[in-house]
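Raw final-v5.cif, mmCIF, C-alpha atoms:
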data_entry
#
loop_
_atom_site.label_atom_id
_atom_site.label_comp_id
_atom_site.auth_asym_id
_atom_site.auth_seq_id
_atom_site.Cartn_x
_atom_site.Cartn_y
_atom_site.Cartn_z
CA MET A 772 39.56 36.83 -4.02
CA ALA A 773 36.23 37.77 -5.61
CA VAL A 774 36.89 35.36 -8.47
CA ASP A 775 37.53 32.53 -6.01
CA LEU A 776 34.28 33.32 -4.22
CA VAL A 777 32.29 33.25 -7.45
CA GLY A 778 33.94 29.98 -8.35
CA ARG A 779 32.46 28.39 -5.26
CA ILE A 780 28.91 29.34 -6.24
CA SER A 781 27.07 26.78 -8.33
CA TRP A 782 25.84 27.76 -11.77
CA GLY A 783 22.29 26.96 -10.72
CA PHE A 784 22.51 29.32 -7.77
CA MET A 785 23.99 32.09 -9.95
CA LEU A 786 21.13 31.65 -12.40
CA LYS A 787 18.66 31.89 -9.55
CA LEU A 788 20.21 35.13 -8.37
CA LEU A 789 20.13 36.55 -11.89
CA VAL A 790 16.43 35.74 -12.31
CA LEU A 791 15.58 37.28 -8.96
CA VAL A 792 17.42 40.47 -9.85
CA LEU A 793 15.60 40.71 -13.17
CA ASP A 794 12.22 39.86 -11.69
CA PRO A 795 11.90 40.78 -7.98
CA VAL A 796 8.35 39.38 -7.92
CA LEU A 797 9.82 35.89 -7.88
CA TRP A 798 11.22 36.53 -4.41
CA ARG A 799 7.71 35.78 -3.17
CA THR A 800 7.33 32.54 -5.13
CA LEU A 801 10.54 30.63 -4.41
CA PRO A 802 11.13 28.68 -1.17
CA SER A 803 13.15 30.47 1.44
CA ALA A 804 15.91 27.82 1.44
CA ALA A 805 18.98 28.39 -0.72
CA PHE A 806 18.12 25.37 -2.82
CA MET A 807 14.64 23.96 -3.44
CA GLU A 808 13.77 20.49 -2.24
CA VAL A 809 10.72 18.27 -2.00
CA GLU A 810 9.55 16.15 0.91
CA MET A 811 8.07 12.68 0.47
CA VAL A 812 6.44 10.55 3.18
CA GLY A 813 9.05 7.89 3.94
CA ARG A 814 10.41 5.38 1.48
CA THR A 815 7.26 3.28 1.20
CA GLN A 816 3.58 4.20 1.18
CA SER A 817 0.78 1.59 1.35
CA VAL A 818 -2.75 1.70 -0.03
CA PHE A 819 -5.53 -0.90 -0.20
CA GLN A 820 -6.67 -2.18 -3.56
CA ASN A 821 -9.57 -0.08 -4.98
CA ASP A 822 -8.95 2.74 -2.48
CA ASN A 823 -8.02 6.29 -3.49
CA ALA A 824 -4.36 7.15 -2.96
CA THR A 825 -2.60 10.43 -2.25
CA ILE A 826 1.13 10.18 -2.91
CA ASP A 827 2.70 13.03 -0.98
CA CYS A 828 5.18 15.46 -2.50
CA LYS A 829 5.54 18.83 -0.76
CA ILE A 830 7.81 21.84 -1.10
CA PRO A 831 8.77 23.02 2.39
CA GLY A 832 8.81 26.72 3.21
CA SER A 833 6.38 27.70 0.45
CA PRO A 834 3.33 29.52 1.86
CA GLN A 835 2.39 30.91 -1.57
CA LEU A 836 3.73 29.97 -5.01
CA ASP A 837 3.19 31.40 -8.48
CA ILE A 838 2.16 28.32 -10.48
CA ARG A 839 2.63 30.26 -13.73
CA ILE A 840 6.36 29.63 -13.43
CA MET A 841 5.98 26.06 -12.12
CA GLY A 842 5.99 22.61 -13.60
CA VAL A 843 5.12 19.27 -11.97
CA THR A 844 5.64 15.84 -13.51
CA TRP A 845 4.93 12.46 -11.92
CA PHE A 846 6.58 9.27 -13.20
CA ARG A 847 6.10 5.59 -12.32
CA LYS A 848 7.97 2.36 -12.91
CA ASN A 849 7.13 -1.13 -11.65
CA GLN A 850 10.73 -2.15 -10.98
CA VAL A 851 13.77 -0.08 -10.09
CA ASN A 852 15.64 -1.13 -13.24
CA GLU A 853 12.71 -0.52 -15.61
CA PRO A 854 12.12 2.63 -17.71
CA GLU A 855 9.73 5.23 -16.33
CA SER A 856 6.37 6.22 -17.73
CA LYS A 857 4.56 9.51 -17.14
CA VAL A 858 1.53 9.53 -14.87
CA PHE A 859 0.72 13.25 -14.81
CA GLU A 860 2.24 16.56 -15.88
CA PHE A 861 1.45 20.24 -15.47
CA PHE A 862 3.18 23.38 -16.71
CA GLY A 863 1.80 26.74 -17.79
CA ASN A 864 -1.67 26.22 -19.20
CA HIS A 865 -0.99 22.55 -19.94
CA GLN A 866 -2.26 19.57 -17.94
CA ALA A 867 -2.15 15.92 -18.98
CA ALA A 868 -3.18 12.76 -17.11
CA PHE A 869 -1.54 9.67 -18.59
CA ARG A 870 -3.37 7.53 -16.06
CA PRO A 871 -7.16 8.13 -15.95
CA GLY A 872 -8.11 10.24 -12.97
CA ALA A 873 -4.55 11.17 -12.00
CA THR A 874 -4.26 14.80 -10.91
CA VAL A 875 -2.46 17.38 -8.81
CA PHE A 876 -4.79 19.94 -7.25
CA LEU A 877 -3.64 23.37 -8.46
CA TRP A 878 -5.08 25.17 -5.44
CA LYS A 879 -2.86 22.97 -3.27
CA LEU A 880 0.10 23.44 -5.59
CA LYS A 881 -0.02 27.18 -4.86
CA ARG A 882 0.66 26.24 -1.25
CA GLY A 883 3.60 24.00 -2.13
CA ASP A 884 1.69 20.70 -2.23
CA ALA A 885 2.36 18.76 -5.45
CA SER A 886 0.87 15.48 -4.15
CA LEU A 887 -0.52 13.07 -6.75
CA GLN A 888 -4.14 11.90 -6.49
CA LEU A 889 -4.99 8.43 -7.83
CA PRO A 890 -8.58 7.10 -7.60
CA GLY A 891 -9.30 3.37 -7.36
CA VAL A 892 -5.72 2.07 -7.21
CA GLN A 893 -5.13 -1.42 -8.62
CA LEU A 894 -2.45 -4.01 -7.83
CA LYS A 895 -0.60 -3.39 -11.10
CA GLU A 896 -0.06 0.25 -10.12
CA ALA A 897 2.40 -0.61 -7.38
CA GLY A 898 5.93 0.62 -8.00
CA GLN A 899 8.27 3.55 -7.64
CA TYR A 900 6.76 7.01 -8.11
CA ARG A 901 8.93 10.05 -8.79
CA CYS A 902 7.80 13.62 -8.24
CA GLU A 903 9.69 16.27 -10.24
CA VAL A 904 8.99 19.92 -9.45
CA VAL A 905 10.39 22.90 -11.36
CA ILE A 906 10.14 26.47 -10.14
CA THR A 907 12.18 28.44 -12.63
CA PRO A 908 15.12 28.17 -12.43
CA GLU A 909 15.20 25.55 -9.65
CA LYS A 910 14.33 21.84 -9.91
CA ALA A 911 13.87 19.21 -7.22
CA GLN A 912 12.67 15.62 -7.14
CA GLY A 913 11.83 12.82 -4.75
CA THR A 914 10.78 9.17 -4.97
CA VAL A 915 8.56 6.84 -2.97
CA TRP A 916 7.57 3.20 -3.38
CA LEU A 917 3.80 2.63 -3.51
CA GLN A 918 2.72 -0.73 -2.11
CA VAL A 919 -0.77 -1.95 -3.00
CA VAL A 920 -2.26 -4.61 -0.71
CA ALA A 921 -5.55 -6.52 -0.49
CA LYS A 922 -7.08 -7.93 2.69
CA PRO A 923 -8.02 -11.62 2.79
CA VAL A 924 -11.64 -12.70 3.14
CA CYS A 925 -11.79 -15.64 5.54
CA SER A 926 -14.06 -18.58 6.13
CA LEU A 927 -13.81 -21.41 8.64
CA PHE A 928 -16.01 -24.50 8.43
CA GLN A 929 -16.07 -28.25 8.59
CA ASP A 930 -15.88 -30.19 5.37
CA PRO A 931 -19.52 -31.28 4.81
CA ALA A 932 -18.35 -34.70 3.70
CA THR A 933 -16.95 -35.39 7.21
CA VAL A 934 -19.88 -34.17 9.31
CA LYS A 935 -21.12 -37.65 10.18
CA ASN A 936 -20.13 -39.11 13.54
CA ASN A 937 -17.30 -41.61 13.96
CA GLU A 938 -15.46 -40.26 10.95
CA GLU A 939 -12.24 -38.30 10.71
CA LYS A 940 -13.18 -34.64 10.62
CA HIS A 941 -11.63 -32.06 8.31
CA ILE A 942 -11.81 -28.39 9.29
CA LEU A 943 -11.09 -25.94 6.48
CA CYS A 944 -9.71 -22.45 6.92
CA LYS A 945 -9.83 -20.42 3.68
CA ALA A 946 -8.33 -17.04 2.90
CA SER A 947 -9.20 -15.49 -0.45
CA GLY A 948 -8.61 -12.29 -2.38
CA PHE A 949 -5.38 -11.28 -0.61
CA TYR A 950 -2.20 -9.66 -1.91
CA PRO A 951 0.77 -9.97 -1.75
CA GLU A 952 1.17 -13.73 -1.87
CA ASP A 953 2.90 -14.34 1.47
CA ILE A 954 0.47 -15.40 4.19
CA ASN A 955 0.71 -17.48 7.35
CA ILE A 956 -2.00 -19.75 8.78
CA THR A 957 -1.60 -21.53 12.13
CA TRP A 958 -3.92 -23.86 14.05
CA THR A 959 -4.37 -24.12 17.83
CA LYS A 960 -6.76 -25.86 20.23
CA ARG A 961 -7.95 -25.68 23.80
CA THR A 962 -10.07 -27.88 26.08
CA PRO A 963 -11.83 -27.37 29.42
CA GLU A 964 -8.94 -29.25 31.03
CA ASN A 965 -6.34 -27.06 29.26
CA PRO A 966 -7.78 -23.54 28.65
CA GLN A 967 -4.56 -22.25 27.09
CA TYR A 968 -4.34 -22.53 23.29
CA VAL A 969 -1.80 -25.09 22.15
CA GLU A 970 -0.54 -25.28 18.57
CA PHE A 971 -1.27 -28.41 16.57
CA SER A 972 1.83 -30.41 15.71
CA GLU A 973 0.25 -32.70 13.11
CA GLY A 974 -2.77 -33.16 10.87
CA ILE A 975 -2.31 -29.84 9.02
CA SER A 976 -2.15 -29.57 5.25
CA THR A 977 -1.89 -26.10 3.72
CA GLY A 978 -1.91 -25.83 -0.05
CA PRO A 979 0.06 -23.30 -2.11
CA PRO A 980 -1.57 -19.92 -2.82
CA VAL A 981 -3.60 -19.95 -6.04
CA LYS A 982 -3.55 -16.80 -8.16
CA ASN A 983 -6.83 -15.24 -9.29
CA GLU A 984 -7.43 -13.39 -12.54
CA ASP A 985 -7.22 -10.02 -10.79
CA GLY A 986 -3.79 -10.83 -9.34
CA THR A 987 -4.96 -11.66 -5.80
CA TYR A 988 -4.50 -15.07 -4.19
CA ASN A 989 -6.54 -17.77 -2.44
CA VAL A 990 -5.26 -20.43 -0.05
CA THR A 991 -6.86 -23.27 1.95
CA SER A 992 -5.54 -24.93 5.08
CA ASP A 993 -6.97 -28.33 6.10
CA LEU A 994 -6.93 -29.54 9.70
CA SER A 995 -7.58 -33.28 10.13
CA LEU A 996 -9.08 -34.33 13.48
CA LYS A 997 -9.40 -37.92 14.61
CA SER A 998 -12.87 -39.11 15.58
CA SER A 999 -11.56 -40.01 19.05
CA LEU A 1000 -10.83 -36.33 19.78
CA GLU A 1001 -12.77 -35.06 22.78
CA PRO A 1002 -15.96 -33.35 21.50
CA SER A 1003 -15.53 -30.22 23.61
CA VAL A 1004 -12.30 -29.14 21.95
CA THR A 1005 -12.20 -25.56 20.60
CA VAL A 1006 -10.24 -25.15 17.39
CA GLN A 1007 -8.78 -21.83 16.29
CA CYS A 1008 -7.41 -20.72 12.91
CA GLU A 1009 -5.08 -17.68 13.01
CA ILE A 1010 -4.21 -15.73 9.87
CA ASN A 1011 -1.33 -13.27 9.52
CA HIS A 1012 -0.90 -11.06 6.45
CA ILE A 1013 0.80 -7.75 5.72
CA SER A 1014 -2.58 -6.12 4.98
CA LEU A 1015 -3.82 -6.85 8.51
CA SER A 1016 -2.87 -4.59 11.41
CA THR A 1017 -3.34 -7.54 13.79
CA SER A 1018 -3.72 -11.27 13.21
CA GLU A 1019 -7.23 -12.53 12.54
CA LYS A 1020 -8.57 -15.48 14.51
CA ARG A 1021 -11.55 -17.68 13.80
CA ASN A 1022 -12.62 -20.46 16.16
CA PHE A 1023 -15.42 -22.85 17.01
CA THR A 1024 -16.11 -25.68 19.39
CA LEU A 1025 -16.77 -29.25 18.24
CA PRO A 1026 -19.28 -30.80 17.72
CA GLY A 1027 -21.91 -28.79 15.87
CA ILE A 1028 -19.92 -27.60 12.85
CA GLY A 1029 -21.66 -28.59 9.66
CA LYS A 1030 -25.19 -27.79 10.79
CA HIS A 1031 -24.89 -24.36 9.23
CA PRO A 1032 -23.64 -23.38 5.76
CA PRO A 1033 -20.10 -21.96 5.52
CA ARG A 1034 -19.83 -18.26 6.29
CA ARG A 1035 -17.49 -15.92 4.43
CA LEU A 1036 -16.22 -13.36 6.94
CA PRO A 1037 -13.89 -10.43 6.20
CA CYS A 1038 -10.54 -10.51 8.00
CA SER A 1039 -11.07 -7.22 9.77
CA PRO A 1040 -12.20 -6.24 13.26
CA PRO A 1041 -16.00 -6.06 13.75
#

Structure re-expressed in structure tokens:
Amino acid sequence: MAVDLVGRISWGFMLKLLVLVLDPVLWRTLPSAAFMEVEMVGRTQSVFQNDNATIDCKIPGSPQLDIRIMGVTWFRKNQVNEPESKVFEFFGNHQAAFRPGATVFLWKLKRGDASLQLPGVQLKEAGQYRCEVVITPEKAQGTVWLQVVAKPVCSLFQDPATVKNNEEKHILCKASGFYPEDINITWTKRTPENPQYVEFSEGISTGPPVKNEDGTYNVTSDLSLKSSLEPSVTVQCEINHISLSTSEKRNFTLPGIGKHPPRRLPCSPP
């Protein structure tokens, strides 16, 4: 009967018991659960380009840990089927950052927080991050996908070449410096007779996103208005992108566009 009971216990758990018997001090350093685990924050974590990122990796039930018997290694890969590369590692008296500025705060590690700190995150650093924690003799790991996004900078103005009266007018709505590539631009209008915005059904030409050297994208949408259009019409450009918590809207009332130089406005609430 005793042999059958031992047979049900994993080798890792037996090794843990042996270490604890030999060194009772470790009772105070290992998590209270039977098997160690790490907690990540969801499957995906987002950060804005050039912002500092904290990729969470925590050991639950660990009020105080002995980091002398610990090891933490962070890995990254751009695609799921690609090989991993090290970002940061710590064990004993050894620390190494394979990405400049990458670190795990040791004072937080003592409290069970092995989160990775990355300053000034760039678009190319998006991918799957894996946190591997070893507290002799236990090991646990977790993964999270880091998404890096960039907000568009928007401008809305009339093409200077079409400012003159009695000519077809072209209103340009530009979004630049955004990432990822997918973005949606829609045009609507309203008049004193019809105060509700109505979507344009024609006269819209939106070009394909153009990639910049830094990996972000620019796109321009052109709205063509006939010269016979009532002058009091208010035109609105609405931009939707994953980096925006709500859609951004820019509008103006004709005529009068073209008297002032184009303004570049950030797509974020004032």

Q. Do you have the CA of Val990 (chain A)-CA of Ile1010 (chain A) distance handy?
A. 11.0 Å

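By all atoms listed in the file, and with residues fewer than 5 positions from Ser817 (chain A) along its chain excluded, the set lying at most 8 Å from it is Leu917, Gln918, Val919 and Val920 of chain A.
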
Q: Taking (-6.1, -18.3, 16.2) in the file's own coordinates, collect the residues within 12 Å, counting all atoms listed in the file, and hand them back as a list of chain:residue names.
A: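 The requested residues, written out, are A:Leu927, A:Cys944, A:Asn955, A:Ile956, A:Thr957, A:Trp958, A:Thr959, A:Lys960, A:Arg961, A:Gln967, A:Tyr968, A:Val969, A:Glu970, A:Phe971, A:Thr1005, A:Val1006, A:Gln1007, A:Cys1008, A:Glu1009, A:Ile1010, A:Asn1011, A:Thr1017, A:Ser1018, A:Glu1019, A:Lys1020, A:Arg1021, A:Asn1022, A:Phe1023.
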
When the PyMOL selection byres ((chain A and resi 825) around 12) is applied to the file above, which residues end up in the set, as a PDB file with C-alpha atoms, in the frame of the given file?
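Final output, part35.pdb:
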ATOM      1  CA  MET A 811       8.070  12.680   0.470  1.00  0.00           C
ATOM      2  CA  VAL A 812       6.440  10.550   3.180  1.00  0.00           C
ATOM      3  CA  GLN A 816       3.580   4.200   1.180  1.00  0.00           C
ATOM      4  CA  SER A 817       0.780   1.590   1.350  1.00  0.00           C
ATOM      5  CA  VAL A 818      -2.750   1.700  -0.030  1.00  0.00           C
ATOM      6  CA  PHE A 819      -5.530  -0.900  -0.200  1.00  0.00           C
ATOM      7  CA  ASP A 822      -8.950   2.740  -2.480  1.00  0.00           C
ATOM      8  CA  ASN A 823      -8.020   6.290  -3.490  1.00  0.00           C
ATOM      9  CA  ALA A 824      -4.360   7.150  -2.960  1.00  0.00           C
ATOM     10  CA  ILE A 826       1.130  10.180  -2.910  1.00  0.00           C
ATOM     11  CA  ASP A 827       2.700  13.030  -0.980  1.00  0.00           C
ATOM     12  CA  CYS A 828       5.180  15.460  -2.500  1.00  0.00           C
ATOM     13  CA  LYS A 829       5.540  18.830  -0.760  1.00  0.00           C
ATOM     14  CA  ALA A 873      -4.550  11.170 -12.000  1.00  0.00           C
ATOM     15  CA  THR A 874      -4.260  14.800 -10.910  1.00  0.00           C
ATOM     16  CA  VAL A 875      -2.460  17.380  -8.810  1.00  0.00           C
ATOM     17  CA  PHE A 876      -4.790  19.940  -7.250  1.00  0.00           C
ATOM     18  CA  ASP A 884       1.690  20.700  -2.230  1.00  0.00           C
ATOM     19  CA  ALA A 885       2.360  18.760  -5.450  1.00  0.00           C
ATOM     20  CA  SER A 886       0.870  15.480  -4.150  1.00  0.00           C
ATOM     21  CA  LEU A 887      -0.520  13.070  -6.750  1.00  0.00           C
ATOM     22  CA  GLN A 888      -4.140  11.900  -6.490  1.00  0.00           C
ATOM     23  CA  LEU A 889      -4.990   8.430  -7.830  1.00  0.00           C
ATOM     24  CA  PRO A 890      -8.580   7.100  -7.600  1.00  0.00           C
ATOM     25  CA  GLY A 891      -9.300   3.370  -7.360  1.00  0.00           C
ATOM     26  CA  VAL A 892      -5.720   2.070  -7.210  1.00  0.00           C
ATOM     27  CA  TYR A 900       6.760   7.010  -8.110  1.00  0.00           C
ATOM     28  CA  VAL A 915       8.560   6.840  -2.970  1.00  0.00           C
ATOM     29  CA  LEU A 917       3.800   2.630  -3.510  1.00  0.00           C
TER      30      LEU A 917
END

Q: Find the residues near Val905 (chain A): any atom within 8 Å, counting all atoms listed in the file, skip ones fewer than 5 places away on the same chain, and give them as a PyMOL selection string.
A: chain A and resi 841-843+910-911

Q) Which value, in Å to one decimal, gives the distance between CA of Gln929 (chain A) and CA of Gly978 (chain A)? A)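 Those two atoms sit 16.8 Å apart.
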
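Across the chains present, the PyMOL selection byres ((chain A and resi 901) around 6) applied to this file returns Trp845, Phe846, Tyr900, Cys902, Gly913 and Thr914 of chain A.
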
**Q.** Hits from the PyMOL selection byres ((chain A and resi 989) around 10), listed as a list in words
**A.** Pro923, Val924, Cys925, Lys945, Ala946, Ser947, Gly948, Phe949, Tyr950, Glu952, Ile954, Gly978, Pro979, Pro980, Val981, Lys982, Asn983, Thr987, Tyr988, Val990 and Thr991 of chain A

(Q) Just to confirm, what's the straight-line distance from CA of Ala897 (chain A) to CA of Trp916 (chain A) in Å (one decimal)? (A) 7.6 Å

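Across A:Met807, A:Ala867, A:Leu836, A:Val858, the tightest approach to Lys879 (chain A) is made by A:Leu836 when counting all atoms listed in the file.
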
**Q.** Proximity to Thr907 (chain A) - best of A:Asn821, A:Thr815, A:Ser1016, A:Phe862, all atoms listed in the file
**A.**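 Checking each candidate against Thr907 (chain A), we get A:Phe862 as the closest.
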
Q: Counting only C-alpha atoms, figure out which residue out of A:Leu996, A:Pro963, A:Ile840, A:Arg870 gets nearest to Pro908 (chain A).
A: A:Ile840

Q | Pick from A:Asp993, A:Asp953, A:Glu853, A:Asp837 nearest to Lys922 (chain A), counting only C-alpha atoms | A |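 Going through A:Asp993, A:Asp953, A:Glu853, A:Asp837 one by one, the smallest distance to Lys922 (chain A) is for A:Asp953.
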
Q: Select, from A:Gln866, A:Gln899, A:Ser833, A:Gln893, the residue with the minimum atom-to-atom distance to Pro854 (chain A), counting only C-alpha atoms.
A: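 Looking at the shortest contact to Pro854 (chain A), the residue is A:Gln899.
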